[in-house]
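Engineer: My file is start_8.pdb. It has PDB, C-alpha atoms, pLDDT in the B column:
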```
ATOM      1  CA  MET A   1     -20.637 -24.772  38.451  1.00 41.00           C
ATOM      2  CA  PRO A   2     -22.847 -26.786  36.093  1.00 45.00           C
ATOM      3  CA  ALA A   3     -25.669 -24.946  34.393  1.00 46.00           C
ATOM      4  CA  THR A   4     -28.140 -27.399  35.959  1.00 52.00           C
ATOM      5  CA  GLN A   5     -27.146 -26.481  39.513  1.00 63.00           C
ATOM      6  CA  THR A   6     -29.540 -24.289  41.456  1.00 72.00           C
ATOM      7  CA  PRO A   7     -28.494 -20.635  41.040  1.00 80.00           C
ATOM      8  CA  VAL A   8     -27.215 -18.810  44.095  1.00 89.00           C
ATOM      9  CA  TYR A   9     -29.391 -15.782  43.372  1.00 94.00           C
ATOM     10  CA  ARG A  10     -33.159 -15.627  43.177  1.00 95.00           C
ATOM     11  CA  ARG A  11     -33.361 -12.101  41.736  1.00 97.00           C
ATOM     12  CA  VAL A  12     -30.674  -9.799  40.363  1.00 97.00           C
ATOM     13  CA  VAL A  13     -30.348  -6.341  38.873  1.00 98.00           C
ATOM     14  CA  LEU A  14     -28.018  -6.304  35.877  1.00 98.00           C
ATOM     15  CA  LYS A  15     -26.483  -2.897  35.094  1.00 98.00           C
ATOM     16  CA  LEU A  16     -25.554  -2.422  31.435  1.00 97.00           C
ATOM     17  CA  SER A  17     -23.742   0.701  30.288  1.00 94.00           C
ATOM     18  CA  GLY A  18     -24.545   2.375  27.007  1.00 93.00           C
ATOM     19  CA  GLU A  19     -21.240   1.090  25.585  1.00 92.00           C
ATOM     20  CA  SER A  20     -22.629  -2.452  25.664  1.00 94.00           C
ATOM     21  CA  PHE A  21     -25.043  -1.405  22.895  1.00 95.00           C
ATOM     22  CA  CYS A  22     -22.340  -0.449  20.391  1.00 92.00           C
ATOM     23  CA  MET A  23     -19.071  -1.772  19.037  1.00 88.00           C
ATOM     24  CA  PRO A  24     -15.798  -0.645  20.703  1.00 85.00           C
ATOM     25  CA  GLY A  25     -14.886   2.923  19.805  1.00 83.00           C
ATOM     26  CA  GLU A  26     -18.211   3.559  18.091  1.00 88.00           C
ATOM     27  CA  ARG A  27     -21.446   5.356  18.978  1.00 91.00           C
ATOM     28  CA  GLY A  28     -25.084   4.611  18.300  1.00 94.00           C
ATOM     29  CA  ILE A  29     -26.640   1.136  18.410  1.00 96.00           C
ATOM     30  CA  SER A  30     -25.111  -1.998  16.949  1.00 96.00           C
ATOM     31  CA  MET A  31     -27.673  -4.795  16.817  1.00 94.00           C
ATOM     32  CA  GLN A  32     -24.778  -7.264  16.775  1.00 95.00           C
ATOM     33  CA  ALA A  33     -23.704  -5.942  20.181  1.00 95.00           C
ATOM     34  CA  VAL A  34     -27.287  -5.858  21.452  1.00 97.00           C
ATOM     35  CA  SER A  35     -27.909  -9.418  20.270  1.00 96.00           C
ATOM     36  CA  HIS A  36     -24.774 -10.622  22.080  1.00 94.00           C
ATOM     37  CA  VAL A  37     -26.132  -9.264  25.360  1.00 96.00           C
ATOM     38  CA  ALA A  38     -29.660 -10.517  24.646  1.00 97.00           C
ATOM     39  CA  GLU A  39     -28.559 -14.071  23.888  1.00 96.00           C
ATOM     40  CA  GLN A  40     -26.635 -14.317  27.155  1.00 95.00           C
ATOM     41  CA  THR A  41     -29.510 -12.777  29.110  1.00 96.00           C
ATOM     42  CA  VAL A  42     -32.079 -15.187  27.692  1.00 96.00           C
ATOM     43  CA  ARG A  43     -29.927 -18.178  28.631  1.00 95.00           C
ATOM     44  CA  ALA A  44     -29.417 -16.712  32.094  1.00 94.00           C
ATOM     45  CA  ALA A  45     -33.157 -16.215  32.623  1.00 95.00           C
ATOM     46  CA  LYS A  46     -33.831 -19.837  31.644  1.00 94.00           C
ATOM     47  CA  GLN A  47     -31.934 -20.873  34.772  1.00 92.00           C
ATOM     48  CA  GLY A  48     -34.825 -19.574  36.834  1.00 93.00           C
ATOM     49  CA  VAL A  49     -33.278 -16.313  38.021  1.00 95.00           C
ATOM     50  CA  GLN A  50     -35.441 -13.179  37.923  1.00 97.00           C
ATOM     51  CA  ILE A  51     -33.575 -10.477  35.974  1.00 98.00           C
ATOM     52  CA  ALA A  52     -34.118  -6.718  35.983  1.00 98.00           C
ATOM     53  CA  ILE A  53     -31.856  -4.756  33.634  1.00 98.00           C
ATOM     54  CA  VAL A  54     -30.929  -1.112  34.224  1.00 98.00           C
ATOM     55  CA  ILE A  55     -29.439   0.494  31.121  1.00 97.00           C
ATOM     56  CA  GLY A  56     -27.286   3.512  30.389  1.00 96.00           C
ATOM     57  CA  GLY A  57     -27.399   5.767  27.342  1.00 95.00           C
ATOM     58  CA  GLY A  58     -23.822   6.931  26.789  1.00 93.00           C
ATOM     59  CA  ASN A  59     -23.624   5.274  23.379  1.00 95.00           C
ATOM     60  CA  ILE A  60     -26.189   7.805  22.147  1.00 94.00           C
ATOM     61  CA  LEU A  61     -25.335  10.845  24.249  1.00 86.00           C
ATOM     62  CA  ARG A  62     -24.038  11.893  27.640  1.00 73.00           C
ATOM     63  CA  GLY A  63     -25.496  14.879  29.419  1.00 64.00           C
ATOM     64  CA  ALA A  64     -22.026  16.286  30.115  1.00 64.00           C
ATOM     65  CA  GLN A  65     -21.305  16.780  26.420  1.00 68.00           C
ATOM     66  CA  PHE A  66     -24.107  19.333  26.212  1.00 66.00           C
ATOM     67  CA  THR A  67     -23.126  21.311  29.279  1.00 62.00           C
ATOM     68  CA  ALA A  68     -19.363  21.661  28.892  1.00 62.00           C
ATOM     69  CA  GLY A  69     -18.888  25.241  27.746  1.00 62.00           C
ATOM     70  CA  ASN A  70     -22.458  25.415  26.455  1.00 61.00           C
ATOM     71  CA  ALA A  71     -24.831  27.767  28.244  1.00 67.00           C
ATOM     72  CA  THR A  72     -27.655  27.125  25.778  1.00 83.00           C
ATOM     73  CA  ILE A  73     -28.772  23.803  27.270  1.00 86.00           C
ATOM     74  CA  GLN A  74     -29.278  23.693  31.012  1.00 88.00           C
ATOM     75  CA  GLU A  75     -27.624  20.841  32.890  1.00 87.00           C
ATOM     76  CA  ALA A  76     -30.920  19.399  34.081  1.00 90.00           C
ATOM     77  CA  THR A  77     -32.209  19.367  30.490  1.00 90.00           C
ATOM     78  CA  ALA A  78     -29.066  17.539  29.366  1.00 90.00           C
ATOM     79  CA  HIS A  79     -29.678  14.877  32.005  1.00 92.00           C
ATOM     80  CA  TYR A  80     -33.237  14.378  30.759  1.00 94.00           C
ATOM     81  CA  MET A  81     -31.873  13.985  27.241  1.00 93.00           C
ATOM     82  CA  GLY A  82     -29.603  11.238  28.539  1.00 93.00           C
ATOM     83  CA  MET A  83     -32.583   9.514  30.157  1.00 95.00           C
ATOM     84  CA  LEU A  84     -34.402   9.478  26.832  1.00 96.00           C
ATOM     85  CA  ALA A  85     -31.353   7.826  25.280  1.00 96.00           C
ATOM     86  CA  THR A  86     -31.724   4.930  27.725  1.00 97.00           C
ATOM     87  CA  VAL A  87     -35.302   4.419  26.533  1.00 97.00           C
ATOM     88  CA  ILE A  88     -34.053   4.110  22.938  1.00 97.00           C
ATOM     89  CA  ASN A  89     -31.580   1.454  24.110  1.00 97.00           C
ATOM     90  CA  GLY A  90     -34.351  -0.249  26.038  1.00 98.00           C
ATOM     91  CA  LEU A  91     -36.541  -0.544  22.962  1.00 98.00           C
ATOM     92  CA  ALA A  92     -33.672  -2.135  21.011  1.00 97.00           C
ATOM     93  CA  LEU A  93     -32.913  -4.603  23.804  1.00 98.00           C
ATOM     94  CA  GLN A  94     -36.583  -5.461  24.289  1.00 98.00           C
ATOM     95  CA  ASP A  95     -36.989  -6.456  20.646  1.00 98.00           C
ATOM     96  CA  ALA A  96     -33.728  -8.419  20.705  1.00 98.00           C
ATOM     97  CA  LEU A  97     -34.885 -10.362  23.782  1.00 98.00           C
ATOM     98  CA  GLU A  98     -38.348 -11.006  22.390  1.00 98.00           C
ATOM     99  CA  SER A  99     -36.919 -12.224  19.068  1.00 97.00           C
ATOM    100  CA  LEU A 100     -35.298 -14.980  21.134  1.00 97.00           C
ATOM    101  CA  GLY A 101     -38.582 -15.933  22.803  1.00 96.00           C
ATOM    102  CA  SER A 102     -38.117 -14.030  26.069  1.00 97.00           C
ATOM    103  CA  GLU A 103     -41.191 -12.434  27.613  1.00 97.00           C
ATOM    104  CA  THR A 104     -40.015  -8.901  28.317  1.00 98.00           C
ATOM    105  CA  ARG A 105     -41.356  -5.626  29.667  1.00 98.00           C
ATOM    106  CA  LEU A 106     -39.834  -2.160  29.238  1.00 98.00           C
ATOM    107  CA  LEU A 107     -40.532   0.166  32.161  1.00 98.00           C
ATOM    108  CA  SER A 108     -39.600   3.843  32.122  1.00 98.00           C
ATOM    109  CA  ALA A 109     -39.145   6.190  35.063  1.00 98.00           C
ATOM    110  CA  ILE A 110     -40.322   8.986  32.734  1.00 97.00           C
ATOM    111  CA  LYS A 111     -43.890   8.553  31.556  1.00 95.00           C
ATOM    112  CA  MET A 112     -44.096   7.681  27.851  1.00 95.00           C
ATOM    113  CA  ASP A 113     -47.095   5.426  27.463  1.00 94.00           C
ATOM    114  CA  GLY A 114     -46.698   4.938  23.728  1.00 95.00           C
ATOM    115  CA  VAL A 115     -43.520   2.887  24.060  1.00 97.00           C
ATOM    116  CA  ALA A 116     -43.101   1.769  27.681  1.00 98.00           C
ATOM    117  CA  GLU A 117     -44.943   1.045  30.884  1.00 98.00           C
ATOM    118  CA  PRO A 118     -44.427   3.453  33.771  1.00 98.00           C
ATOM    119  CA  TYR A 119     -42.034   2.185  36.417  1.00 98.00           C
ATOM    120  CA  ILE A 120     -44.087   1.165  39.449  1.00 97.00           C
ATOM    121  CA  ARG A 121     -42.287  -0.929  42.040  1.00 97.00           C
ATOM    122  CA  ARG A 122     -45.116  -3.375  42.663  1.00 97.00           C
ATOM    123  CA  ARG A 123     -45.751  -3.811  38.942  1.00 97.00           C
ATOM    124  CA  ALA A 124     -42.050  -4.440  38.307  1.00 98.00           C
ATOM    125  CA  ARG A 125     -41.954  -7.064  41.058  1.00 98.00           C
ATOM    126  CA  ARG A 126     -45.038  -8.767  39.644  1.00 98.00           C
ATOM    127  CA  HIS A 127     -43.477  -8.983  36.186  1.00 98.00           C
ATOM    128  CA  LEU A 128     -40.403 -10.597  37.729  1.00 98.00           C
ATOM    129  CA  GLU A 129     -42.510 -13.062  39.698  1.00 97.00           C
ATOM    130  CA  LYS A 130     -44.220 -14.091  36.460  1.00 97.00           C
ATOM    131  CA  GLY A 131     -40.845 -14.902  34.921  1.00 96.00           C
ATOM    132  CA  ARG A 132     -40.555 -11.843  32.701  1.00 98.00           C
ATOM    133  CA  THR A 133     -37.276 -10.066  32.136  1.00 98.00           C
ATOM    134  CA  ILE A 134     -37.755  -6.374  32.816  1.00 98.00           C
ATOM    135  CA  ILE A 135     -35.774  -3.480  31.355  1.00 98.00           C
ATOM    136  CA  LEU A 136     -35.671  -0.354  33.509  1.00 98.00           C
ATOM    137  CA  ALA A 137     -35.055   2.819  31.510  1.00 98.00           C
ATOM    138  CA  ALA A 138     -34.770   6.569  32.216  1.00 97.00           C
ATOM    139  CA  GLY A 139     -32.701   6.121  35.364  1.00 96.00           C
ATOM    140  CA  THR A 140     -34.616   7.303  38.410  1.00 96.00           C
ATOM    141  CA  GLY A 141     -36.539   9.868  36.371  1.00 96.00           C
ATOM    142  CA  SER A 142     -34.676  12.722  38.054  1.00 95.00           C
ATOM    143  CA  PRO A 143     -31.677  14.733  36.823  1.00 94.00           C
ATOM    144  CA  PHE A 144     -28.285  14.740  38.563  1.00 92.00           C
ATOM    145  CA  VAL A 145     -28.574  10.996  39.249  1.00 93.00           C
ATOM    146  CA  THR A 146     -26.451   8.503  37.327  1.00 94.00           C
ATOM    147  CA  THR A 147     -27.738   5.201  35.998  1.00 96.00           C
ATOM    148  CA  ASP A 148     -25.316   3.499  38.429  1.00 96.00           C
ATOM    149  CA  THR A 149     -27.215   5.065  41.306  1.00 97.00           C
ATOM    150  CA  ALA A 150     -30.479   4.145  39.590  1.00 97.00           C
ATOM    151  CA  ALA A 151     -29.283   0.525  39.466  1.00 98.00           C
ATOM    152  CA  ALA A 152     -28.472   0.590  43.183  1.00 98.00           C
ATOM    153  CA  ASN A 153     -31.891   2.116  43.945  1.00 97.00           C
ATOM    154  CA  ARG A 154     -33.727  -0.484  41.873  1.00 98.00           C
ATOM    155  CA  ALA A 155     -31.759  -3.347  43.408  1.00 98.00           C
ATOM    156  CA  LEU A 156     -32.837  -2.166  46.844  1.00 98.00           C
ATOM    157  CA  GLU A 157     -36.431  -1.409  45.833  1.00 97.00           C
ATOM    158  CA  LEU A 158     -36.908  -4.782  44.159  1.00 98.00           C
ATOM    159  CA  GLU A 159     -35.137  -6.657  46.969  1.00 97.00           C
ATOM    160  CA  ALA A 160     -32.572  -8.173  44.638  1.00 98.00           C
ATOM    161  CA  ASP A 161     -29.945 -10.536  45.973  1.00 97.00           C
ATOM    162  CA  ALA A 162     -27.117  -8.822  44.103  1.00 97.00           C
ATOM    163  CA  LEU A 163     -26.283  -5.963  41.780  1.00 98.00           C
ATOM    164  CA  LEU A 164     -24.344  -7.190  38.744  1.00 97.00           C
ATOM    165  CA  LYS A 165     -22.270  -4.479  37.077  1.00 97.00           C
ATOM    166  CA  ALA A 166     -21.356  -5.478  33.510  1.00 96.00           C
ATOM    167  CA  THR A 167     -18.166  -3.901  32.141  1.00 93.00           C
ATOM    168  CA  ARG A 168     -15.759  -4.498  29.261  1.00 91.00           C
ATOM    169  CA  VAL A 169     -12.902  -5.521  31.582  1.00 92.00           C
ATOM    170  CA  ASP A 170     -12.562  -8.481  33.945  1.00 94.00           C
ATOM    171  CA  GLY A 171     -13.476  -6.664  37.158  1.00 94.00           C
ATOM    172  CA  VAL A 172     -12.082  -3.922  39.374  1.00 95.00           C
ATOM    173  CA  PHE A 173      -8.398  -3.120  38.871  1.00 94.00           C
ATOM    174  CA  SER A 174      -5.886  -1.000  40.743  1.00 91.00           C
ATOM    175  CA  ASP A 175      -5.594   1.129  37.585  1.00 89.00           C
ATOM    176  CA  ASP A 176      -7.134   1.271  34.129  1.00 87.00           C
ATOM    177  CA  PRO A 177      -6.143  -2.126  32.622  1.00 88.00           C
ATOM    178  CA  GLU A 178      -6.677  -0.799  29.104  1.00 84.00           C
ATOM    179  CA  LYS A 179      -3.905   1.750  29.690  1.00 89.00           C
ATOM    180  CA  ASN A 180      -1.739   0.031  32.324  1.00 91.00           C
ATOM    181  CA  PRO A 181      -0.871  -3.621  31.577  1.00 88.00           C
ATOM    182  CA  HIS A 182       0.477  -3.983  35.122  1.00 91.00           C
ATOM    183  CA  ALA A 183      -2.836  -3.076  36.786  1.00 92.00           C
ATOM    184  CA  VAL A 184      -3.842  -5.618  39.455  1.00 93.00           C
ATOM    185  CA  LEU A 185      -7.249  -7.293  39.393  1.00 94.00           C
ATOM    186  CA  TYR A 186      -8.987  -7.411  42.767  1.00 95.00           C
ATOM    187  CA  ARG A 187     -11.051 -10.538  43.339  1.00 94.00           C
ATOM    188  CA  GLU A 188     -12.700  -9.167  46.491  1.00 95.00           C
ATOM    189  CA  LEU A 189     -13.100  -5.665  47.842  1.00 95.00           C
ATOM    190  CA  SER A 190     -14.956  -3.969  50.656  1.00 95.00           C
ATOM    191  CA  TYR A 191     -17.151  -0.943  50.055  1.00 95.00           C
ATOM    192  CA  ASP A 192     -14.769   1.082  52.213  1.00 94.00           C
ATOM    193  CA  ALA A 193     -11.771   0.056  50.098  1.00 94.00           C
ATOM    194  CA  VAL A 194     -13.555   1.138  46.921  1.00 94.00           C
ATOM    195  CA  ARG A 195     -14.283   4.540  48.400  1.00 92.00           C
ATOM    196  CA  GLU A 196     -10.913   5.062  50.075  1.00 92.00           C
ATOM    197  CA  GLN A 197      -8.927   4.076  46.969  1.00 91.00           C
ATOM    198  CA  LYS A 198     -11.345   5.978  44.719  1.00 89.00           C
ATOM    199  CA  LEU A 199     -11.607   2.980  42.431  1.00 92.00           C
ATOM    200  CA  ARG A 200     -13.650   3.535  39.287  1.00 84.00           C
ATOM    201  CA  VAL A 201     -16.433   1.024  39.779  1.00 89.00           C
ATOM    202  CA  MET A 202     -19.665   2.944  40.203  1.00 93.00           C
ATOM    203  CA  ASP A 203     -20.298   6.472  41.376  1.00 91.00           C
ATOM    204  CA  SER A 204     -19.862   7.188  45.069  1.00 92.00           C
ATOM    205  CA  THR A 205     -23.598   7.526  45.739  1.00 94.00           C
ATOM    206  CA  ALA A 206     -24.285   4.062  44.334  1.00 96.00           C
ATOM    207  CA  ILE A 207     -21.490   2.537  46.433  1.00 96.00           C
ATOM    208  CA  ALA A 208     -22.738   4.322  49.562  1.00 95.00           C
ATOM    209  CA  GLN A 209     -26.286   3.042  49.074  1.00 96.00           C
ATOM    210  CA  CYS A 210     -25.131  -0.525  48.536  1.00 97.00           C
ATOM    211  CA  MET A 211     -22.878  -0.303  51.590  1.00 96.00           C
ATOM    212  CA  GLU A 212     -25.634   1.077  53.815  1.00 96.00           C
ATOM    213  CA  HIS A 213     -28.014  -1.733  52.840  1.00 96.00           C
ATOM    214  CA  GLN A 214     -25.450  -4.532  52.416  1.00 96.00           C
ATOM    215  CA  MET A 215     -26.185  -5.069  48.719  1.00 97.00           C
ATOM    216  CA  PRO A 216     -23.423  -7.205  47.153  1.00 97.00           C
ATOM    217  CA  ILE A 217     -21.944  -5.910  43.891  1.00 97.00           C
ATOM    218  CA  VAL A 218     -20.361  -8.181  41.298  1.00 97.00           C
ATOM    219  CA  VAL A 219     -18.277  -6.438  38.630  1.00 97.00           C
ATOM    220  CA  PHE A 220     -17.544  -8.663  35.622  1.00 96.00           C
ATOM    221  CA  ASN A 221     -16.741  -8.702  31.908  1.00 96.00           C
ATOM    222  CA  TYR A 222     -19.949  -9.103  29.905  1.00 94.00           C
ATOM    223  CA  LYS A 223     -18.028  -9.359  26.630  1.00 92.00           C
ATOM    224  CA  LYS A 224     -16.785 -12.856  27.455  1.00 93.00           C
ATOM    225  CA  GLU A 225     -19.323 -15.350  26.166  1.00 92.00           C
ATOM    226  CA  GLY A 226     -21.374 -16.902  28.964  1.00 92.00           C
ATOM    227  CA  ASN A 227     -20.271 -14.493  31.702  1.00 95.00           C
ATOM    228  CA  ILE A 228     -23.749 -13.043  32.223  1.00 94.00           C
ATOM    229  CA  GLU A 229     -25.031 -16.567  32.830  1.00 93.00           C
ATOM    230  CA  ARG A 230     -22.149 -17.307  35.210  1.00 93.00           C
ATOM    231  CA  ALA A 231     -22.680 -14.073  37.121  1.00 94.00           C
ATOM    232  CA  VAL A 232     -26.409 -14.727  37.465  1.00 91.00           C
ATOM    233  CA  ARG A 233     -25.683 -18.246  38.752  1.00 89.00           C
ATOM    234  CA  GLY A 234     -23.427 -16.784  41.402  1.00 89.00           C
ATOM    235  CA  GLU A 235     -20.194 -18.243  40.087  1.00 91.00           C
ATOM    236  CA  ARG A 236     -17.004 -16.586  41.242  1.00 90.00           C
ATOM    237  CA  LEU A 237     -15.844 -14.268  38.496  1.00 93.00           C
ATOM    238  CA  GLY A 238     -14.760 -10.676  38.278  1.00 95.00           C
ATOM    239  CA  THR A 239     -14.759  -8.739  41.548  1.00 96.00           C
ATOM    240  CA  LEU A 240     -17.092  -9.207  44.500  1.00 96.00           C
ATOM    241  CA  ILE A 241     -17.727  -6.099  46.610  1.00 97.00           C
ATOM    242  CA  THR A 242     -19.215  -6.614  50.072  1.00 95.00           C
ATOM    243  CA  SER A 243     -18.764  -5.192  53.569  1.00 89.00           C
ATOM    244  CA  ALA A 244     -16.544  -8.040  54.752  1.00 76.00           C
ATOM    245  CA  ALA A 245     -14.390  -8.528  51.653  1.00 61.00           C
ATOM    246  CA  ALA A 246     -10.712  -7.584  51.646  1.00 54.00           C
ATOM    247  CA  ALA A 247      -8.568  -6.652  48.667  1.00 51.00           C
ATOM    248  CA  SER A 248      -7.090  -9.817  47.199  1.00 51.00           C
TER     249      SER A 248
END
```
Take the structure in the file and give it back as structure tokens.
Structural biologist:
Amino acid sequence: MPATQTPVYRRVVLKLSGESFCMPGERGISMQAVSHVAEQTVRAAKQGVQIAIVIGGGNILRGAQFTAGNATIQEATAHYMGMLATVINGLALQDALESLGSETRLLSAIKMDGVAEPYIRRRARRHLEKGRTIILAAGTGSPFVTTDTAAANRALELEADALLKATRVDGVFSDDPEKNPHAVLYRELSYDAVREQKLRVMDSTAIAQCMEHQMPIVVFNYKKEGNIERAVRGERLGTLITSAAAAS
């Protein structure tokens, strides 16, 4: 599909994991990795698609690492710590986007007025309508909810046309392709197939919400140059998850 063709989607939610903010096998923030994502996102936004980005924080910390065998930090507290990590990632991505000329807003589900706007659905929609790329940090603002579920919630709240799940592999496989070279890539899947086969795509709550409200999910490899732009345009890449799709 040529870049000049009208995009299939009007508005999308792009889910980025914390690992997209660091180099493979590392932790923390690599501005080289952040810039790679930002450059693709800016080009994608120039196609006229409204983009909301939900970010993870696993490159900085995961709540589970503080609760496994550690009674000192309560599980809910660990989840809040993870939410704060997503705000740190959001600040890095915001500056990377703005350095490329993109008008960007960082919105947090946890109030922290000094660095981010509070997430308010109507405000977020208005930013999108004005052509701004928005970054949605701190998940849903509640513990025991993953950022995958937050992405599904935001896609539904903002009436997005699709939820784009960026990963480091080419889509959804029958097994972990980084460990099993014979794993099969599925081009299309139904929500039911994902749940029945317990495929590692997004957590079960996120899949259930998308299934209930018929929100298409596209799982694709963000590391391949130009794939974010292709996904936003609605090109066929990675794996498409819908109610009608069959494993293929």
Engineer: On this file, the PyMOL selection byres ((chain A and resi 21) around 7) gives some set of residues; write that set as a compact mmCIF listing (two decimals) with C-alpha atoms, in the frame of the given file.
Structural biologist:
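Generated output (selection.txt):
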```txt
# COMPACT_ATOMS: atom_id res chain seq x y z
CA GLY A 18 -24.54 2.38 27.01
CA GLU A 19 -21.24 1.09 25.58
CA SER A 20 -22.63 -2.45 25.66
CA CYS A 22 -22.34 -0.45 20.39
CA ILE A 29 -26.64 1.14 18.41
CA SER A 30 -25.11 -2.00 16.95
CA ALA A 33 -23.70 -5.94 20.18
CA VAL A 34 -27.29 -5.86 21.45
CA ASN A 59 -23.62 5.27 23.38
```
Engineer: Assuming the chain letters and numbering stay as they are in my file, what does the PyMOL selection byres ((chain A and resi 95) around 12) actually select? List them as a list in words.
Structural biologist: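 The output of the PyMOL selection byres ((chain A and resi 95) around 12) on this file is Met31, Val34, Ser35, Ala38, Glu39, Ile88, Asn89, Gly90, Leu91, Ala92, Leu93, Gln94, Ala96, Leu97, Glu98, Ser99, Leu100, Gly101, Ser102, Glu103, Thr104, Arg105, Leu106, Val115 and Ile135 of chain A.
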Engineer: Dump as a ChimeraX atom specification all residues having an atom at most 8 Å from (-32.1, -2.0, 30.7), computed in the file's coordinates with only C-alpha atoms.
Structural biologist: /A:14-16,52-56,86,89-90,93,106,134-137
Engineer: Using all atoms listed in the file, tabulate the residues of stretch 58-132 of chain A lying at most 8 Å from any atom of stretch 143-160 of chain A, each with its closest atom pair and that distance in Å to one decimal, by chain and increasing residue number, as a Markdown table.
Structural biologist:
```
| residue | atom | partner | partner_atom | distance |
| --- | --- | --- | --- | --- |
| A:Ala76 | CA | A:Pro143 | CA | 5.5 |
| A:Thr77 | CA | A:Pro143 | CA | 7.9 |
| A:His79 | CA | A:Pro143 | CA | 5.2 |
| A:Tyr80 | CA | A:Pro143 | CA | 6.3 |
| A:Arg121 | CA | A:Leu158 | CA | 6.9 |
| A:Ala124 | CA | A:Leu158 | CA | 7.8 |
| A:Arg125 | CA | A:Leu158 | CA | 6.3 |
```
Engineer: I'd like the interatomic distance between atom CA of A:Lys224 and atom CA of A:His36, to a tenth of an Å.
Structural biologist: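 Distance reported for this atom pair: 9.9 Å.
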Engineer: Figure out the distance between atom CA of A:Ala193 and atom CA of A:Arg230, please, to one decimal in Å.
Structural biologist: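 Computed distance, atom CA of A:Arg230 to atom CA of A:Ala193, equals 25.1 Å.
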Engineer: Atom CA of A:Met83 to atom CA of A:Ala116: how many Å, to one decimal?
Structural biologist: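 A separation of 13.3 Å between them.
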Engineer: Between A:Thr140, A:Glu75, A:Glu129, A:Ile228, which is the closest to A:Val42 once you count all atoms listed in the file?
Structural biologist: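 Among A:Thr140, A:Glu75, A:Glu129, A:Ile228, it is A:Ile228 that comes nearest to A:Val42.
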Engineer: Using all atoms listed in the file, which of A:Arg233, A:Asn221, A:Thr239, A:Ala206 sits nearest A:Phe173?
Structural biologist: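 Smallest separation from A:Phe173 among the options: A:Thr239.
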Engineer: Please list as a ChimeraX atom specification every residue within 12 Å of A:Leu189, counting all atoms listed in the file and excluding residues in the same chain fewer than 3 positions away.
Structural biologist: /A:171-174,185-186,192-197,199,201,207,211,216-219,238-248
Engineer: When you count all atoms listed in the file, which of these residues is closest to A:Ala138: A:Ile120, A:Ala78, A:Ala166, A:Ala85?
Structural biologist: A:Ala85
Engineer: Using all atoms listed in the file, what residues lie at most 6 Å away from (-25.0, 5.7, 22.2) (file coordinates), given as a VMD selection string?
Structural biologist: chain A and resid 18 27 to 28 57 to 61
Engineer: Output C-alpha atoms of each residue in that selection to a file, as a PDB file, in the coordinates of the input.
Structural biologist:
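Saved as result.pdb:
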```
ATOM      1  CA  GLY A  18     -24.545   2.375  27.007  1.00 93.00           C
ATOM      2  CA  ARG A  27     -21.446   5.356  18.978  1.00 91.00           C
ATOM      3  CA  GLY A  28     -25.084   4.611  18.300  1.00 94.00           C
ATOM      4  CA  GLY A  57     -27.399   5.767  27.342  1.00 95.00           C
ATOM      5  CA  GLY A  58     -23.822   6.931  26.789  1.00 93.00           C
ATOM      6  CA  ASN A  59     -23.624   5.274  23.379  1.00 95.00           C
ATOM      7  CA  ILE A  60     -26.189   7.805  22.147  1.00 94.00           C
ATOM      8  CA  LEU A  61     -25.335  10.845  24.249  1.00 86.00           C
TER       9      LEU A  61
END
```
Engineer: Specify the axis-aligned box that encloses all atoms of stretch 117-132 of chain A listed in the file after padding of 5 Å on each side, stating its centre and edge lengths in Å to one decimal as JSON.
Structural biologist:
```
{"center_x": -43.1, "center_y": -5.7, "center_z": 36.8, "size_x": 15.3, "size_y": 28.4, "size_z": 21.8}
```
